[in-house]
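Participant: Sharing a structure below in structure tokens format, with a few things to ask.
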Amino acid sequence: MSDSAETLQKTVLHVGCGSWREKSLHGNFRTPEWREIRLDINPEAEPDIVASMTDMSAVESNSVDARSGMRM
């Protein structure tokens, strides 16, 4: 990806992501325009950020364009 394409890319925070599965993130965010950051309390899920969804202080304010949560 070129530097200009990376600059235009938006970031989605996938809260409660669990273990990686190809289609666990909502389809609206599975396009080249979006970059996923995965957050989960379980380090065995291998998220980008290990944290609870009740304390996401590890995520810098205004650092993401959208959030997506786990589906029940």
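We label chains A, B, ... in the order they appear in the structure tokens, count residues from 1 in each chain, and number ligands from 1 in the order shown.
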Quick one: pick out all strand (DSSP E) residues within chain A from a backbone DSSP run and write them as a PyMOL selection string.

Facilitator: chain A and resi 10-15+34-40+49-50+66-69

Participant: Identify, on the basis of only C-alpha atoms, every residue whose closest approach to Leu25 (chain A) does not exceed 10 Å; exclude the query and any residue fewer than 2 positions from it along the same chain; express the result as an MDAnalysis selection string.

Facilitator: chainID A and resid 12:15 17 20:23 27:30 36 38 68:71

Participant: Could you work out how far CA of Glu46 (chain A) lies from CA of Ala58 (chain A), giving the answer in Å with one decimal?

Facilitator: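 Here the two named atoms are 15.7 Å from each other.
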
Participant: Let's see if you can do this: from backbone DSSP, list all helix (DSSP H, G or I) residues in chain A, as a list of chain:residue names.

Facilitator: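 So, restricting chain A to helix (DSSP H, G or I), we get A:Asp3, A:Ser4, A:Ala5, A:Glu6, A:Thr7, A:Leu8, A:Gly27, A:Asn28, A:Phe29, A:Pro43, A:Glu44, A:Ala45.
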
Participant: Emit the selected residues as a PDB file, in the first residue's frame, including C-alpha atoms.

Facilitator:
```
ATOM      1  CA  ASP A   3       1.953   6.098   1.828  1.00  0.00           C
ATOM      2  CA  SER A   4      -0.910   8.194   0.464  1.00  0.00           C
ATOM      3  CA  ALA A   5      -3.309   5.226   0.649  1.00  0.00           C
ATOM      4  CA  GLU A   6      -2.290   4.576   4.269  1.00  0.00           C
ATOM      5  CA  THR A   7      -2.944   8.243   5.096  1.00  0.00           C
ATOM      6  CA  LEU A   8      -6.482   7.960   3.729  1.00  0.00           C
ATOM      7  CA  GLY A  27     -18.703  -6.332   6.713  1.00  0.00           C
ATOM      8  CA  ASN A  28     -18.764  -2.535   6.441  1.00  0.00           C
ATOM      9  CA  PHE A  29     -15.227  -2.512   7.856  1.00  0.00           C
ATOM     10  CA  PRO A  43      -4.386 -12.232  25.766  1.00  0.00           C
ATOM     11  CA  GLU A  44      -4.783 -15.714  24.255  1.00  0.00           C
ATOM     12  CA  ALA A  45      -6.989 -14.131  21.561  1.00  0.00           C
TER      13      ALA A  45
END
```

Participant: So which one's closest to Ala66 (chain A), A:Gln9, A:Ser19, A:Asn42, A:Thr54? Using only C-alpha atoms, please.

Facilitator: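 For Ala66 (chain A), the nearest of the candidates is A:Gln9.
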
Participant: Which residues are near Val50 (chain A)? Cut-off 6 Å, only C-alpha atoms, ignore same chain within fewer than 4 positions. Put them as a PyMOL selection string.

Facilitator: chain A and resi 39-41+43
